[in-house]
Amino acid sequence: MRHRFSAAAAAALLGAVLLSPAPARARNTAPPPKPHASDALRGEVQKFVKAYVEAQNKLDASAMMEMVSRDPSVASITMGEVLRGWDAIRDDVDEMVGSNDDMTIALGTIDVVPLGSGFVLAFAPCSISYTDDEGPVQTRGALSLVLEKSSGHWKVLHEHASIQVPDDDQDDDGPGPADAMPAVHRHAAR
């Protein structure tokens, strides 16, 4: 004899299965560990990030743009300005060339976090040195990059850079936030 479940019986059976307590060993297991970067992956990504910053320091627009993804969702965010798309980023990089020749970015420790197959987050503190009308200036900042491995090469999919603006109370003789911002706006973190 064949048994047929009515919709109500099937719903009751499904509810009983979903509401029944899980076996003790399943409830007491630790959450899966967060992915960590292997030494090889970390080294590969750190090398890419250093090369990207070196291209910025040299104002090598071609090298920089070669490292940026052509994915339509690529974005660069610097000092509150959002640029979307490869062409917008290229235009901004082209404006930068020749505008601040003496700017140098020095990276701190580059952390690498895998985000899934072919994607990583890389971030690092940095110091930014440049000269303004009053002389040499050095400020601290941070850079974060979401990278995608495409055709065997890492590409910047998302970039975010920021600086720490000096507090007015820190140095009465030095520039305030309004003075510091234009000198490093957009271009200093690139």
# chains A, B, ... in the order shown; residues from 1 in each chain; ligands from 1
$ residues_around --residues "range 149-165 of chain A" --least-positions-apart "6" --cutoff "8 Å" --atoms "only C-alpha atoms" --output "list in words"
Val45, Phe48, Met67, Val68, Ser69, Asp71, Ser73, Val74, Ala75, Ser76, Ile77, Thr78, Met79, Gly118, Phe119, Thr139, Arg140, Gly141, Ala142, Leu143, Pro177, Ala180, Met181, Ala189 and Arg190 of chain A
$ residues_around --residues "range 50-53 of chain A" --least-positions-apart "6" --cutoff "12 Å" --atoms "only C-alpha atoms" --output "number ranges by chain"
A: 43-44, 59-68, 103-110, 122-124, 126-128, 143-145, 147, 154-156, 159, 161, 188-190
$ residues_around --residues "Asp87 in chain A" --least-positions-apart "2" --cutoff "10 Å" --atoms "only C-alpha atoms" --output "ChimeraX atom specification"
/A:65,70,72,74,83-85,89-93
$ atom_distance --atom1 "CA of Glu54 in chain A" --atom2 "CA of Asp133 in chain A"
24.9 Å
$ select_by_dssp --residues "range 22-127 of chain A" --states "strand (DSSP E)" --output "list of chain:residue names"
A:Ala75, A:Ser76, A:Ile77, A:Thr78, A:Glu81, A:Val82, A:Leu83, A:Arg84, A:Thr104, A:Ile105, A:Ala106, A:Leu107, A:Asp111, A:Val112, A:Val113, A:Pro114, A:Leu115, A:Gly116, A:Phe119, A:Val120, A:Leu121, A:Ala122, A:Phe123, A:Ala124, A:Pro125, A:Cys126, A:Ser127
$ write_last_selection --atoms "C-alpha atoms" --output "CSV table (one decimal), in the first residue's frame"
chain,number,residue,atom,x,y,z
A,75,ALA,CA,36.1,52.3,-7.1
A,76,SER,CA,38.6,54.6,-5.4
A,77,ILE,CA,37.7,56.5,-2.2
A,78,THR,CA,40.1,59.1,-0.9
A,81,GLU,CA,35.7,61.6,-2.7
A,82,VAL,CA,34.3,58.6,-4.5
A,83,LEU,CA,35.5,57.7,-8.0
A,84,ARG,CA,33.6,55.0,-9.8
A,104,THR,CA,56.0,60.0,-0.9
A,105,ILE,CA,54.0,57.3,0.8
A,106,ALA,CA,55.8,54.9,3.1
A,107,LEU,CA,53.8,51.8,4.1
A,111,ASP,CA,47.9,42.8,6.6
A,112,VAL,CA,46.3,40.4,4.1
A,113,VAL,CA,42.9,38.8,4.7
A,114,PRO,CA,41.5,36.3,2.2
A,115,LEU,CA,37.9,37.2,1.2
A,116,GLY,CA,37.2,34.0,-0.8
A,119,PHE,CA,39.8,38.0,-3.6
A,120,VAL,CA,41.8,39.6,-0.7
A,121,LEU,CA,41.7,42.6,1.5
A,122,ALA,CA,45.1,44.3,2.1
A,123,PHE,CA,45.5,47.2,4.5
A,124,ALA,CA,48.3,49.1,6.0
A,125,PRO,CA,49.1,52.2,8.0
A,126,CYS,CA,51.2,54.7,6.1
A,127,SER,CA,53.0,58.0,6.4
$ atom_distance --atom1 "CA of Gln46 in chain A" --atom2 "CA of Gly80 in chain A"
25.4 Å
$ atom_distance --atom1 "CA of Pro136 in chain A" --atom2 "CA of Lys58 in chain A"
18.3 Å
$ decode --residues "range 19-123 of chain A" --atoms "C-alpha atoms" --output "PDB file, in the first residue's frame"
ATOM      1  CA  LEU A  19      12.301  22.264  15.585  1.00  0.00           C
ATOM      2  CA  SER A  20      13.905  19.177  17.067  1.00  0.00           C
ATOM      3  CA  PRO A  21      17.132  19.821  18.948  1.00  0.00           C
ATOM      4  CA  ALA A  22      20.360  19.237  17.070  1.00  0.00           C
ATOM      5  CA  PRO A  23      22.634  16.462  18.270  1.00  0.00           C
ATOM      6  CA  ALA A  24      24.829  17.520  21.182  1.00  0.00           C
ATOM      7  CA  ARG A  25      28.075  17.237  19.266  1.00  0.00           C
ATOM      8  CA  ALA A  26      26.813  19.565  16.508  1.00  0.00           C
ATOM      9  CA  ARG A  27      25.739  22.215  19.007  1.00  0.00           C
ATOM     10  CA  ASN A  28      29.029  22.208  20.862  1.00  0.00           C
ATOM     11  CA  THR A  29      31.399  22.478  17.909  1.00  0.00           C
ATOM     12  CA  ALA A  30      33.415  25.637  17.511  1.00  0.00           C
ATOM     13  CA  PRO A  31      32.638  27.924  14.605  1.00  0.00           C
ATOM     14  CA  PRO A  32      34.790  27.300  11.565  1.00  0.00           C
ATOM     15  CA  PRO A  33      38.089  29.179  11.746  1.00  0.00           C
ATOM     16  CA  LYS A  34      38.372  32.411   9.820  1.00  0.00           C
ATOM     17  CA  PRO A  35      40.510  32.065   6.721  1.00  0.00           C
ATOM     18  CA  HIS A  36      44.076  33.251   7.037  1.00  0.00           C
ATOM     19  CA  ALA A  37      46.535  34.066   4.336  1.00  0.00           C
ATOM     20  CA  SER A  38      49.188  31.476   3.606  1.00  0.00           C
ATOM     21  CA  ASP A  39      52.757  32.741   3.580  1.00  0.00           C
ATOM     22  CA  ALA A  40      52.811  32.483  -0.211  1.00  0.00           C
ATOM     23  CA  LEU A  41      49.567  34.437  -0.639  1.00  0.00           C
ATOM     24  CA  ARG A  42      50.609  37.057   1.908  1.00  0.00           C
ATOM     25  CA  GLY A  43      53.977  37.544   0.183  1.00  0.00           C
ATOM     26  CA  GLU A  44      52.387  37.773  -3.264  1.00  0.00           C
ATOM     27  CA  VAL A  45      49.826  40.363  -2.158  1.00  0.00           C
ATOM     28  CA  GLN A  46      52.346  42.390  -0.155  1.00  0.00           C
ATOM     29  CA  LYS A  47      54.622  42.526  -3.211  1.00  0.00           C
ATOM     30  CA  PHE A  48      51.706  43.788  -5.330  1.00  0.00           C
ATOM     31  CA  VAL A  49      50.719  46.475  -2.781  1.00  0.00           C
ATOM     32  CA  LYS A  50      54.328  47.686  -2.497  1.00  0.00           C
ATOM     33  CA  ALA A  51      54.589  47.897  -6.298  1.00  0.00           C
ATOM     34  CA  TYR A  52      51.294  49.828  -6.450  1.00  0.00           C
ATOM     35  CA  VAL A  53      52.500  52.372  -3.887  1.00  0.00           C
ATOM     36  CA  GLU A  54      55.914  52.592  -5.567  1.00  0.00           C
ATOM     37  CA  ALA A  55      54.166  53.436  -8.869  1.00  0.00           C
ATOM     38  CA  GLN A  56      52.262  56.165  -7.002  1.00  0.00           C
ATOM     39  CA  ASN A  57      55.468  57.528  -5.484  1.00  0.00           C
ATOM     40  CA  LYS A  58      57.060  57.637  -8.949  1.00  0.00           C
ATOM     41  CA  LEU A  59      53.895  59.200 -10.417  1.00  0.00           C
ATOM     42  CA  ASP A  60      53.894  56.413 -12.998  1.00  0.00           C
ATOM     43  CA  ALA A  61      50.294  56.729 -14.192  1.00  0.00           C
ATOM     44  CA  SER A  62      50.615  53.885 -16.713  1.00  0.00           C
ATOM     45  CA  ALA A  63      51.944  51.427 -14.130  1.00  0.00           C
ATOM     46  CA  MET A  64      49.270  52.451 -11.614  1.00  0.00           C
ATOM     47  CA  MET A  65      46.407  52.046 -14.066  1.00  0.00           C
ATOM     48  CA  GLU A  66      47.766  48.697 -15.236  1.00  0.00           C
ATOM     49  CA  MET A  67      47.161  47.501 -11.661  1.00  0.00           C
ATOM     50  CA  VAL A  68      43.538  48.727 -11.515  1.00  0.00           C
ATOM     51  CA  SER A  69      40.699  46.413 -12.522  1.00  0.00           C
ATOM     52  CA  ARG A  70      38.591  47.316 -15.529  1.00  0.00           C
ATOM     53  CA  ASP A  71      35.543  45.828 -13.798  1.00  0.00           C
ATOM     54  CA  PRO A  72      32.673  48.372 -13.993  1.00  0.00           C
ATOM     55  CA  SER A  73      32.345  48.289 -10.189  1.00  0.00           C
ATOM     56  CA  VAL A  74      35.945  49.383  -9.519  1.00  0.00           C
ATOM     57  CA  ALA A  75      36.052  52.294  -7.070  1.00  0.00           C
ATOM     58  CA  SER A  76      38.551  54.554  -5.370  1.00  0.00           C
ATOM     59  CA  ILE A  77      37.663  56.500  -2.238  1.00  0.00           C
ATOM     60  CA  THR A  78      40.065  59.090  -0.940  1.00  0.00           C
ATOM     61  CA  MET A  79      39.363  61.803   1.599  1.00  0.00           C
ATOM     62  CA  GLY A  80      35.613  61.480   1.118  1.00  0.00           C
ATOM     63  CA  GLU A  81      35.669  61.602  -2.683  1.00  0.00           C
ATOM     64  CA  VAL A  82      34.263  58.553  -4.469  1.00  0.00           C
ATOM     65  CA  LEU A  83      35.460  57.721  -7.961  1.00  0.00           C
ATOM     66  CA  ARG A  84      33.643  54.978  -9.843  1.00  0.00           C
ATOM     67  CA  GLY A  85      34.963  53.200 -12.890  1.00  0.00           C
ATOM     68  CA  TRP A  86      38.364  52.814 -14.500  1.00  0.00           C
ATOM     69  CA  ASP A  87      38.037  55.961 -16.657  1.00  0.00           C
ATOM     70  CA  ALA A  88      37.228  58.212 -13.679  1.00  0.00           C
ATOM     71  CA  ILE A  89      40.179  56.812 -11.735  1.00  0.00           C
ATOM     72  CA  ARG A  90      42.465  57.244 -14.754  1.00  0.00           C
ATOM     73  CA  ASP A  91      41.386  60.892 -15.142  1.00  0.00           C
ATOM     74  CA  ASP A  92      42.157  61.506 -11.466  1.00  0.00           C
ATOM     75  CA  VAL A  93      45.559  59.813 -11.739  1.00  0.00           C
ATOM     76  CA  ASP A  94      46.356  61.900 -14.836  1.00  0.00           C
ATOM     77  CA  GLU A  95      45.522  65.084 -12.880  1.00  0.00           C
ATOM     78  CA  MET A  96      47.883  63.957 -10.131  1.00  0.00           C
ATOM     79  CA  VAL A  97      50.907  63.639 -12.414  1.00  0.00           C
ATOM     80  CA  GLY A  98      53.036  66.745 -12.009  1.00  0.00           C
ATOM     81  CA  SER A  99      50.847  68.252  -9.283  1.00  0.00           C
ATOM     82  CA  ASN A 100      52.754  67.037  -6.225  1.00  0.00           C
ATOM     83  CA  ASP A 101      56.150  65.745  -7.317  1.00  0.00           C
ATOM     84  CA  ASP A 102      57.664  65.472  -3.857  1.00  0.00           C
ATOM     85  CA  MET A 103      54.909  63.409  -2.212  1.00  0.00           C
ATOM     86  CA  THR A 104      56.040  60.047  -0.859  1.00  0.00           C
ATOM     87  CA  ILE A 105      54.003  57.289   0.778  1.00  0.00           C
ATOM     88  CA  ALA A 106      55.763  54.895   3.144  1.00  0.00           C
ATOM     89  CA  LEU A 107      53.836  51.780   4.141  1.00  0.00           C
ATOM     90  CA  GLY A 108      53.761  50.108   7.522  1.00  0.00           C
ATOM     91  CA  THR A 109      52.952  46.431   7.977  1.00  0.00           C
ATOM     92  CA  ILE A 110      50.643  45.166   5.235  1.00  0.00           C
ATOM     93  CA  ASP A 111      47.929  42.850   6.553  1.00  0.00           C
ATOM     94  CA  VAL A 112      46.318  40.397   4.126  1.00  0.00           C
ATOM     95  CA  VAL A 113      42.890  38.832   4.687  1.00  0.00           C
ATOM     96  CA  PRO A 114      41.457  36.311   2.185  1.00  0.00           C
ATOM     97  CA  LEU A 115      37.889  37.153   1.151  1.00  0.00           C
ATOM     98  CA  GLY A 116      37.161  34.028  -0.849  1.00  0.00           C
ATOM     99  CA  SER A 117      38.502  32.441  -3.972  1.00  0.00           C
ATOM    100  CA  GLY A 118      40.487  35.044  -5.889  1.00  0.00           C
ATOM    101  CA  PHE A 119      39.804  38.017  -3.575  1.00  0.00           C
ATOM    102  CA  VAL A 120      41.782  39.558  -0.695  1.00  0.00           C
ATOM    103  CA  LEU A 121      41.690  42.593   1.535  1.00  0.00           C
ATOM    104  CA  ALA A 122      45.064  44.276   2.059  1.00  0.00           C
ATOM    105  CA  PHE A 123      45.488  47.183   4.452  1.00  0.00           C
TER     106      PHE A 123
END
